[in-house]
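Colleague: Just so it is clear, I am handing over entry34.csv, which has CSV, C-alpha atoms.
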chain,number,residue,atom,x,y,z
A,1,MET,CA,116.6,60.2,96.1
A,2,ALA,CA,115.8,62.7,93.4
A,3,GLU,CA,112.1,63.7,93.0
A,4,ALA,CA,110.3,62.1,90.1
A,5,MET,CA,109.6,64.4,87.1
A,6,GLU,CA,106.2,65.1,85.9
A,7,LEU,CA,105.1,63.3,82.7
A,8,ASP,CA,106.7,65.1,79.7
A,9,PRO,CA,104.1,67.6,78.6
A,10,GLN,CA,104.5,66.9,74.9
A,11,LEU,CA,104.1,63.2,75.5
A,12,LYS,CA,101.2,63.8,77.8
A,13,ALA,CA,99.4,65.9,75.1
A,14,LEU,CA,100.0,63.2,72.5
A,15,LEU,CA,98.7,60.4,74.8
A,16,GLU,CA,95.7,62.4,75.7
A,17,MET,CA,94.9,63.0,72.0
A,18,GLY,CA,95.2,59.3,71.3
A,19,ASN,CA,93.2,58.2,74.4
A,20,LEU,CA,96.4,56.4,75.7
A,21,LEU,CA,96.9,58.4,79.0
A,22,ASN,CA,95.2,55.8,81.2
A,23,ASN,CA,96.8,52.5,82.1
A,24,PRO,CA,95.7,49.8,79.6
A,25,GLY,CA,94.9,47.3,82.3
A,26,ASP,CA,94.0,43.8,80.9
A,27,ASP,CA,93.8,43.5,77.1
A,28,SER,CA,93.7,39.7,77.0
A,29,ALA,CA,90.0,39.7,76.1
A,30,ILE,CA,90.6,41.7,72.9
A,31,PRO,CA,91.3,39.5,69.8
A,32,ASP,CA,94.9,39.6,68.7
A,33,GLU,CA,94.0,40.7,65.2
A,34,LYS,CA,92.2,43.8,66.6
A,35,LEU,CA,95.2,44.7,68.8
A,36,ARG,CA,97.5,44.3,65.8
A,37,GLN,CA,95.3,46.5,63.7
A,38,ARG,CA,95.3,49.2,66.4
A,39,PHE,CA,99.1,49.1,66.5
A,40,SER,CA,99.3,49.3,62.7
A,41,ASP,CA,96.7,52.1,62.5
A,42,VAL,CA,98.7,54.2,65.0
A,43,PHE,CA,102.2,53.7,63.6
A,44,GLY,CA,101.9,52.1,60.1
A,45,SER,CA,100.3,55.2,58.6
A,46,VAL,CA,103.1,57.5,59.4
A,47,LYS,CA,104.6,59.1,56.2
A,48,SER,CA,108.2,59.7,57.2
A,49,LYS,CA,110.1,62.7,55.9
A,50,VAL,CA,113.5,61.4,57.1
A,51,PRO,CA,115.8,61.3,54.1
A,52,VAL,CA,117.3,58.0,52.9
A,53,ALA,CA,119.5,57.2,49.9
A,54,ILE,CA,117.9,53.8,49.0
A,55,ILE,CA,115.2,51.6,50.5
A,56,SER,CA,115.3,47.9,49.4
A,57,ASN,CA,112.6,45.4,50.3
A,58,GLN,CA,113.9,41.8,50.1
A,59,THR,CA,113.0,38.3,51.3
A,60,ILE,CA,115.6,36.0,52.9
A,61,LEU,CA,115.5,32.3,53.8
A,62,GLY,CA,114.5,31.6,57.4
A,63,PRO,CA,115.8,28.9,59.8
A,64,GLU,CA,112.9,26.5,59.0
A,65,GLY,CA,112.7,27.1,55.3
A,66,ASN,CA,110.3,30.0,55.9
A,67,LYS,CA,110.6,33.4,54.2
A,68,ILE,CA,111.6,36.5,56.2
A,69,PRO,CA,110.7,39.9,54.7
A,70,ILE,CA,113.4,42.5,55.5
A,71,ARG,CA,113.7,46.2,54.6
A,72,ILE,CA,117.1,47.7,54.1
A,73,TYR,CA,117.7,51.4,54.6
A,74,TYR,CA,120.8,53.1,53.2
A,75,PRO,CA,121.5,56.4,54.9
A,76,ALA,CA,121.7,59.6,52.8
A,77,ASP,CA,124.9,61.6,52.8
A,78,ALA,CA,126.9,59.0,54.8
A,79,LYS,CA,130.6,59.4,54.7
A,80,PRO,CA,132.1,56.6,52.6
A,81,ARG,CA,134.2,54.0,54.5
A,82,LYS,CA,136.8,51.8,52.9
A,83,LYS,CA,135.4,48.7,54.5
A,84,GLY,CA,131.8,49.7,54.1
A,85,LEU,CA,129.2,51.2,56.4
A,86,PRO,CA,128.3,49.7,59.8
A,87,ILE,CA,125.1,47.7,59.8
A,88,LEU,CA,122.2,47.6,62.4
A,89,VAL,CA,119.8,44.7,62.3
A,90,TYR,CA,116.6,45.9,63.9
A,91,CYS,CA,113.9,43.8,65.7
A,92,HIS,CA,110.7,45.7,66.1
A,93,GLY,CA,108.6,45.9,69.2
A,94,GLY,CA,104.9,44.9,69.6
A,95,GLY,CA,104.7,42.4,72.5
A,96,PHE,CA,106.0,39.5,70.4
A,97,PHE,CA,102.7,39.4,68.5
A,98,ALA,CA,102.3,42.8,66.7
A,99,GLY,CA,104.4,45.2,64.7
A,100,ASP,CA,105.7,45.1,61.1
A,101,LEU,CA,108.1,46.8,58.7
A,102,ASP,CA,105.7,49.7,58.0
A,103,SER,CA,105.1,50.5,61.7
A,104,TYR,CA,108.8,51.0,62.2
A,105,ASP,CA,109.6,52.7,59.0
A,106,ASP,CA,110.1,56.2,60.5
A,107,LEU,CA,112.2,54.9,63.5
A,108,CYS,CA,114.5,52.8,61.2
A,109,ARG,CA,114.9,55.8,58.9
A,110,ASN,CA,115.9,58.0,61.8
A,111,LEU,CA,118.3,55.5,63.2
A,112,GLY,CA,120.1,55.1,59.9
A,113,HIS,CA,120.1,58.8,59.1
A,114,LEU,CA,121.4,59.9,62.5
A,115,SER,CA,124.0,57.1,62.9
A,116,ALA,CA,125.2,56.7,59.3
A,117,TYR,CA,124.4,52.9,59.6
A,118,ILE,CA,122.8,50.7,57.1
A,119,VAL,CA,119.6,49.5,58.9
A,120,ILE,CA,118.0,46.2,58.2
A,121,SER,CA,114.4,45.9,59.7
A,122,VAL,CA,113.2,42.3,60.2
A,123,ASP,CA,109.6,41.2,59.8
A,124,TYR,CA,110.0,38.1,62.0
A,125,ARG,CA,107.3,35.5,62.7
A,126,LEU,CA,104.9,36.6,65.4
A,127,ALA,CA,103.2,34.8,68.3
A,128,PRO,CA,100.9,33.2,69.1
A,129,GLU,CA,100.7,31.6,65.6
A,130,HIS,CA,104.4,31.1,65.7
A,131,LYS,CA,105.6,30.1,69.2
A,132,PHE,CA,109.0,30.7,70.8
A,133,PRO,CA,111.7,30.4,69.5
A,134,ALA,CA,110.4,31.1,65.9
A,135,GLY,CA,110.7,34.9,66.0
A,136,HIS,CA,114.0,34.8,67.9
A,137,LEU,CA,115.5,32.4,65.3
A,138,ASP,CA,114.3,34.6,62.4
A,139,CYS,CA,116.1,37.6,63.9
A,140,TYR,CA,119.2,35.5,64.5
A,141,ALA,CA,119.0,34.2,60.9
A,142,ALA,CA,118.6,37.8,59.6
A,143,THR,CA,121.6,38.9,61.7
A,144,LYS,CA,123.8,36.1,60.3
A,145,TRP,CA,122.6,36.9,56.8
A,146,ALA,CA,123.6,40.5,57.3
A,147,PHE,CA,127.0,39.4,58.6
A,148,ASP,CA,127.6,36.9,55.8
A,149,ASN,CA,126.5,39.3,53.1
A,150,ALA,CA,128.0,42.5,54.6
A,151,SER,CA,130.4,43.2,51.7
A,152,ALA,CA,127.7,42.7,49.0
A,153,LEU,CA,125.4,45.1,51.0
A,154,GLY,CA,128.2,47.7,51.0
A,155,GLY,CA,128.7,47.1,54.8
A,156,ASP,CA,131.5,46.3,57.1
A,157,GLN,CA,131.4,42.7,58.5
A,158,THR,CA,133.3,43.8,61.6
A,159,GLN,CA,130.7,46.4,62.4
A,160,VAL,CA,127.4,44.5,62.5
A,161,ALA,CA,125.1,45.5,65.5
A,162,VAL,CA,121.7,44.4,66.6
A,163,GLY,CA,118.9,46.4,68.2
A,164,GLY,CA,115.3,46.5,69.1
A,165,ASP,CA,112.6,48.1,71.3
A,166,SER,CA,110.4,46.5,74.0
A,167,ALA,CA,109.8,42.9,72.9
A,168,GLY,CA,112.1,43.5,70.0
A,169,GLY,CA,114.8,44.6,72.5
A,170,SER,CA,114.3,41.3,74.3
A,171,ILE,CA,114.8,39.5,71.0
A,172,ALA,CA,117.8,41.6,70.1
A,173,ALA,CA,119.5,40.8,73.4
A,174,ALA,CA,118.7,37.1,72.9
A,175,VAL,CA,120.3,37.2,69.4
A,176,CYS,CA,123.5,38.3,71.1
A,177,HIS,CA,123.3,35.2,73.4
A,178,LEU,CA,122.7,33.0,70.3
A,179,ALA,CA,125.6,34.5,68.4
A,180,ARG,CA,127.9,33.9,71.3
A,181,ASP,CA,126.7,30.4,72.2
A,182,MET,CA,126.5,29.2,68.6
A,183,LYS,CA,129.9,30.7,67.7
A,184,GLY,CA,128.0,32.9,65.1
A,185,PRO,CA,128.7,36.5,64.1
A,186,LYS,CA,130.9,38.6,66.3
A,187,LEU,CA,128.6,41.5,66.9
A,188,ALA,CA,129.8,45.0,67.5
A,189,MET,CA,127.0,46.3,69.6
A,190,GLN,CA,123.5,45.8,71.0
A,191,VAL,CA,121.0,48.7,71.1
A,192,LEU,CA,118.2,48.0,73.6
A,193,LEU,CA,115.3,50.4,73.8
A,194,TYR,CA,113.3,49.8,77.0
A,195,PRO,CA,113.6,46.0,76.5
A,196,MET,CA,111.6,43.2,78.2
A,197,THR,CA,114.3,41.3,80.1
A,198,GLN,CA,112.4,39.0,82.6
A,199,PRO,CA,109.0,37.3,82.6
A,200,THR,CA,106.5,39.4,84.6
A,201,ALA,CA,104.8,36.3,86.1
A,202,HIS,CA,108.0,35.1,87.7
A,203,TYR,CA,109.6,38.4,88.9
A,204,GLU,CA,108.2,41.8,89.7
A,205,SER,CA,110.6,44.8,89.9
A,206,GLU,CA,110.0,47.9,91.9
A,207,SER,CA,109.1,49.9,88.8
A,208,MET,CA,106.6,47.1,87.8
A,209,LYS,CA,105.0,47.3,91.2
A,210,GLU,CA,104.9,51.1,91.0
A,211,PHE,CA,103.7,51.6,87.5
A,212,GLY,CA,102.3,48.3,86.4
A,213,THR,CA,98.7,49.4,87.2
A,214,THR,CA,99.1,53.2,86.9
A,215,ALA,CA,101.4,54.2,84.0
A,216,PRO,CA,100.2,55.0,80.5
A,217,VAL,CA,100.8,52.7,77.5
A,218,LEU,CA,102.0,49.5,79.3
A,219,SER,CA,100.6,47.5,82.2
A,220,LYS,CA,101.7,44.5,84.2
A,221,ARG,CA,98.9,42.4,82.7
A,222,VAL,CA,99.8,43.4,79.1
A,223,CYS,CA,103.4,42.2,79.8
A,224,GLU,CA,102.1,38.9,81.2
A,225,THR,CA,99.8,38.3,78.2
A,226,ALA,CA,102.8,39.1,75.9
A,227,TYR,CA,104.8,36.3,77.5
A,228,GLU,CA,101.8,34.0,77.5
A,229,ARG,CA,101.3,34.4,73.7
A,230,LEU,CA,105.0,33.9,73.1
A,231,VAL,CA,105.5,30.4,74.7
A,232,ALA,CA,103.8,27.1,74.4
A,233,THR,CA,104.2,26.2,78.0
A,234,PRO,CA,104.8,28.4,81.1
A,235,GLU,CA,108.2,26.6,81.7
A,236,GLU,CA,109.6,28.0,78.5
A,237,GLN,CA,109.4,31.5,80.1
A,238,LYS,CA,112.5,30.4,82.1
A,239,SER,CA,114.6,30.0,78.9
A,240,GLU,CA,117.7,32.2,79.1
A,241,LEU,CA,116.6,33.7,75.8
A,242,ILE,CA,113.5,35.1,77.5
A,243,ASP,CA,114.5,35.5,81.1
A,244,LEU,CA,117.6,37.4,80.2
A,245,ASN,CA,118.2,38.8,83.7
A,246,HIS,CA,118.7,35.3,85.1
A,247,ALA,CA,120.6,33.8,82.2
A,248,PRO,CA,123.5,31.7,83.4
A,249,SER,CA,126.1,34.0,81.9
A,250,VAL,CA,126.3,37.4,80.2
A,251,LYS,CA,130.0,37.3,79.7
A,252,GLY,CA,131.3,37.7,76.2
A,253,LEU,CA,128.3,39.7,74.9
A,254,PRO,CA,128.7,42.8,72.8
A,255,PRO,CA,128.7,46.3,74.3
A,256,ALA,CA,125.2,47.6,75.1
A,257,HIS,CA,123.4,50.9,74.9
A,258,VAL,CA,120.2,50.6,77.0
A,259,VAL,CA,117.4,53.2,77.0
A,260,THR,CA,114.8,53.3,79.8
A,261,ALA,CA,111.9,55.6,80.6
A,262,GLU,CA,111.0,57.0,84.0
A,263,TYR,CA,107.3,55.9,84.0
A,264,ASP,CA,107.9,52.5,82.4
A,265,PRO,CA,107.0,49.3,84.3
A,266,LEU,CA,110.0,47.7,82.5
A,267,ARG,CA,112.5,50.4,83.6
A,268,ASP,CA,114.2,48.6,86.5
A,269,GLU,CA,114.5,45.2,84.8
A,270,ALA,CA,116.2,46.8,81.8
A,271,GLU,CA,118.5,48.8,84.0
A,272,TYR,CA,119.3,45.7,86.0
A,273,TYR,CA,120.3,43.9,82.8
A,274,ALA,CA,122.6,46.7,81.8
A,275,ALA,CA,124.2,46.7,85.3
A,276,ARG,CA,124.7,42.9,85.1
A,277,LEU,CA,126.4,43.3,81.8
A,278,PHE,CA,128.7,46.0,83.2
A,279,LYS,CA,129.6,43.9,86.3
A,280,ASN,CA,130.6,41.1,83.9
A,281,ASN,CA,133.0,43.3,82.0
A,282,VAL,CA,130.7,44.0,79.1
A,283,PRO,CA,130.8,47.7,78.3
A,284,ALA,CA,127.2,48.8,79.0
A,285,LYS,CA,125.5,52.2,79.3
A,286,ALA,CA,122.0,52.7,80.6
A,287,LYS,CA,120.3,56.1,80.3
A,288,ARG,CA,117.0,56.9,81.9
A,289,TYR,CA,114.8,59.6,80.3
A,290,GLY,CA,112.8,61.6,82.9
A,291,GLY,CA,109.1,62.2,82.3
A,292,ALA,CA,109.1,59.5,79.5
A,293,VAL,CA,106.8,56.5,79.1
A,294,HIS,CA,107.2,53.1,77.5
A,295,GLY,CA,107.6,53.4,73.7
A,296,PHE,CA,108.4,57.1,73.9
A,297,ILE,CA,110.9,57.0,71.1
A,298,GLN,CA,108.3,55.3,68.8
A,299,PHE,CA,105.8,58.0,69.7
A,300,GLY,CA,108.3,60.5,68.3
A,301,SER,CA,107.2,59.2,64.9
A,302,LEU,CA,103.8,60.8,65.5
A,303,ALA,CA,104.7,64.2,66.7
A,304,GLU,CA,107.7,66.4,67.6
A,305,ILE,CA,108.6,65.2,71.1
A,306,ARG,CA,111.9,66.6,72.4
A,307,CYS,CA,112.7,63.8,74.8
A,308,SER,CA,112.2,61.3,71.9
A,309,VAL,CA,114.5,63.3,69.6
A,310,ARG,CA,117.1,63.6,72.4
A,311,ALA,CA,117.0,59.9,73.0
A,312,LEU,CA,117.4,59.1,69.3
A,313,GLU,CA,120.3,61.4,69.1
A,314,ASP,CA,122.0,59.9,72.1
A,315,VAL,CA,121.5,56.4,70.7
A,316,ALA,CA,123.0,57.5,67.4
A,317,ILE,CA,126.0,59.0,69.2
A,318,GLY,CA,126.5,55.7,71.0
A,319,MET,CA,126.3,53.8,67.7
A,320,ARG,CA,128.8,56.1,66.0
A,321,GLN,CA,131.2,55.7,69.0
A,322,ALA,CA,131.0,51.9,68.7
A,323,VAL,CA,132.3,52.0,65.2
A,324,LYS,CA,136.1,51.6,65.1
A,325,GLU,CA,137.8,54.3,63.3
A,326,GLU,CA,139.4,53.1,60.1
A,327,LYS,CA,143.2,53.2,60.3
A,328,ASP,CA,145.1,55.1,57.7
A,329,PRO,CA,147.3,52.5,55.8
A,330,TRP,CA,150.3,54.9,56.3
A,331,ASP,CA,151.4,55.4,59.8
A,332,ALA,CA,152.9,58.7,61.2
A,333,ARG,CA,156.5,57.6,60.5
A,334,THR,CA,155.7,57.2,56.8
A,335,TYR,CA,154.2,60.6,56.6
A,336,MET,CA,157.3,62.1,58.3
A,337,ILE,CA,159.6,60.4,55.8
A,338,ILE,CA,157.6,61.7,52.9
A,339,ALA,CA,157.4,65.2,54.3
A,340,ALA,CA,161.2,65.2,55.0
A,341,THR,CA,161.8,64.0,51.4
A,342,VAL,CA,159.7,66.8,50.0
A,343,VAL,CA,161.4,69.4,52.1
A,344,ALA,CA,164.8,68.2,51.1
A,345,PHE,CA,163.8,68.3,47.4
A,346,LEU,CA,162.5,71.8,47.6
A,347,SER,CA,165.6,72.9,49.5
A,348,VAL,CA,167.8,71.6,46.6
A,349,LYS,CA,165.6,73.2,44.1
A,350,MET,CA,165.7,76.6,45.7
A,351,TYR,CA,169.6,76.3,46.2
A,352,HIS,CA,170.0,75.5,42.5
A,353,TYR,CA,167.8,78.5,41.5
A,354,TYR,CA,169.7,81.0,43.6
A,355,GLN,CA,173.0,79.6,42.3
A,356,THR,CA,172.2,79.5,38.6
A,357,GLY,CA,169.1,81.6,38.1
A,358,ASN,CA,167.5,78.6,36.4
A,359,ALA,CA,164.7,76.4,37.7
A,360,LEU,CA,165.3,72.7,37.9
For this file, produce the structure as structure tokens.
Modeller:
Amino acid sequence: MAEAMELDPQLKALLEMGNLLNNPGDDSAIPDEKLRQRFSDVFGSVKSKVPVAIISNQTILGPEGNKIPIRIYYPADAKPRKKGLPILVYCHGGGFFAGDLDSYDDLCRNLGHLSAYIVISVDYRLAPEHKFPAGHLDCYAATKWAFDNASALGGDQTQVAVGGDSAGGSIAAAVCHLARDMKGPKLAMQVLLYPMTQPTAHYESESMKEFGTTAPVLSKRVCETAYERLVATPEEQKSELIDLNHAPSVKGLPPAHVVTAEYDPLRDEAEYYAARLFKNNVPAKAKRYGGAVHGFIQFGSLAEIRCSVRALEDVAIGMRQAVKEEKDPWDARTYMIIAATVVAFLSVKMYHYYQTGNAL
């Protein structure tokens, strides 16, 4: 077994500066609003410098007559496509109870800029005020809306993907299950950044045992309280939309790009999910980033962190590779016929000139 890497020095310096280097332990005694404000204070104040062509804030109709705020990012300098640009519907992280459009502005800008996708960020309903499956259904509704309105958005209906990080990665994966089971949109890809894929109270992976009380940023107890806020009853944690690792079937789901971090309690459960997809003939790739912690890509919004940049670039490459190349309406045989015709015409023209001294 390869030796574990030391914590990435750039990440370590940032975490030390933000007082986040110690394991967070149990945060259940802290009021939700205070925790939400902390999250917003850290990430919502970032003034992103990533270029975008257009940003559009809209509101769409939710599954229960509710309104869902979304933010649409159009990438700058994207190469035009005849069928439109691919679309990524993004579900933000935050333990099912925190996070918003502003907190994920920089990350969504980066994803769109690097991948040449239209990115739609979803401000879904949060727990505990809105219990499961409210947020999940909002994200599914937003995905279906993006699919149904792809042409009007300048997008390609055949290239709609869904993605998210942490709790948002869990929701994004669940959206893929909903789309399959409800015979909804045929999704092109799922981008899962260190997702939550099994309830901590029911299962404990090796990485959760190893890092659940020692790693920075995320603890076992924080994961448990996230699930407790999400559901109305403990039994609901066994839903296949929450306990993804033990869902009855993962067959027929879209290809997956899964990112994990070495010092993340969620590492093994996310890698297990990717392996389960692969074993069931779903193209899936999981990449672990050494020296990284939970949320390390999002921390790249706060400072220049090489492992965060590298992970974003890798994700963007995977997203671009998932896009089917547009076929030229003329096949090779057509080009050969045209070329032969042109050569024949030029040959006749040259012969006429040498014979008569006059151009055709």
Colleague: For each of A:Leu266, A:Ile87, A:Leu153, A:Ile55, take the minimum atom-to-atom distance to Gly212 (chain A), counting all atoms listed in the file, then give the residue where this is smallest.
Modeller: A:Leu266
Colleague: Could you jot down the CA of Ser151 (chain A) to CA of Lys82 (chain A) separation for me, Å, one decimal place?
Modeller: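 Separation between CA of Ser151 (chain A) and CA of Lys82 (chain A): 10.8 Å.
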Colleague: Find the residues around Asn149 (chain A) up to 12 Å (all atoms listed in the file counted), leave out those fewer than 3 positions away in its own chain, and share them as a compact mmCIF listing (two decimals) with C-alpha atoms, in the coordinates of the input.
Modeller:
# COMPACT_ATOMS: atom_id res chain seq x y z
CA ILE A 60 115.60 36.00 52.90
CA GLY A 84 131.80 49.70 54.10
CA ILE A 87 125.10 47.70 59.80
CA ALA A 141 119.00 34.20 60.90
CA ALA A 142 118.60 37.80 59.60
CA THR A 143 121.60 38.90 61.70
CA LYS A 144 123.80 36.10 60.30
CA TRP A 145 122.60 36.90 56.80
CA ALA A 146 123.60 40.50 57.30
CA ALA A 152 127.70 42.70 49.00
CA LEU A 153 125.40 45.10 51.00
CA GLY A 154 128.20 47.70 51.00
CA GLY A 155 128.70 47.10 54.80
CA ASP A 156 131.50 46.30 57.10
CA GLN A 157 131.40 42.70 58.50
CA THR A 158 133.30 43.80 61.60
CA VAL A 160 127.40 44.50 62.50
CA PRO A 185 128.70 36.50 64.10
Colleague: So how many Å separate CA of Ala322 (chain A) and CA of Ala161 (chain A), to one decimal?
Modeller: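 Going from CA of Ala322 (chain A) over to CA of Ala161 (chain A), I get 9.3 Å.
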Colleague: Show which residues sit within 9 Å of region 236-243 of chain A, as a count of residues only. Count all atoms listed in the file, and ignore same-chain residues fewer than 2 positions away.
Modeller: 27
Colleague: Of the residues A:Lys324, A:Gly25, A:Tyr124, A:Tyr194, which is the one nearest to Pro69 (chain A), using all atoms listed in the file?
Modeller: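 Of the candidates, the smallest distance to Pro69 (chain A) is held by A:Tyr124.
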Colleague: Expressed in Å to a single decimal, how great is the separation between CA of Gln37 (chain A) and CA of Gly18 (chain A)?
Modeller: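 Between these atoms lies a distance of 14.9 Å.
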Colleague: Given the choices A:Tyr273, A:Tyr263, A:Tyr104, A:Phe211, which gets closest to Gly44 (chain A) if the distance is worked out from only C-alpha atoms?
Modeller: A:Tyr104
Colleague: Using all atoms listed in the file, which of the listed residues (A:Ala256, A:Ala134, A:Leu193, A:Met319) sits closest to Val293 (chain A)?
Modeller: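 The shortest atom-to-atom distance to Val293 (chain A) comes from A:Leu193.
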Colleague: What's around region 162-166 of chain A at 7 Å? Count all atoms listed in the file, leave out sequence neighbours fewer than 4 positions away in its own chain, and write the answer as a PyMOL selection string.
Modeller: chain A and resi 88-93+170+172+189-196
Colleague: Which residue, A:Pro63, A:Ser103, A:Ala53, A:Ala303, has the smallest gap to Tyr117 (chain A) when you use all atoms listed in the file?
Modeller: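 Between A:Pro63, A:Ser103, A:Ala53, A:Ala303, the residue approaching Tyr117 (chain A) most closely is A:Ala53.
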Colleague: Counting only C-alpha atoms, which residue out of A:Glu271, A:Val222, A:Leu187, A:Ser205 sits closest to Gly252 (chain A)?
Modeller: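 Using only C-alpha atoms, Gly252 (chain A) sits closest to A:Leu187.
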Colleague: Which residues are near Ala275 (chain A)? Cut-off 12 Å, all atoms listed in the file, ignore same chain within fewer than 3 positions. Put them as a ChimeraX atom specification.
Modeller: /A:245,250,255-258,268-272,278-287
Colleague: Env of Ala13 (chain A): 12 Å cut, atoms = all atoms listed in the file, seq-sep filter 5 positions within chain, self excluded. Answer as a VMD selection string.
Modeller: chain A and resid 7 to 8 18 to 21 299 302 to 305
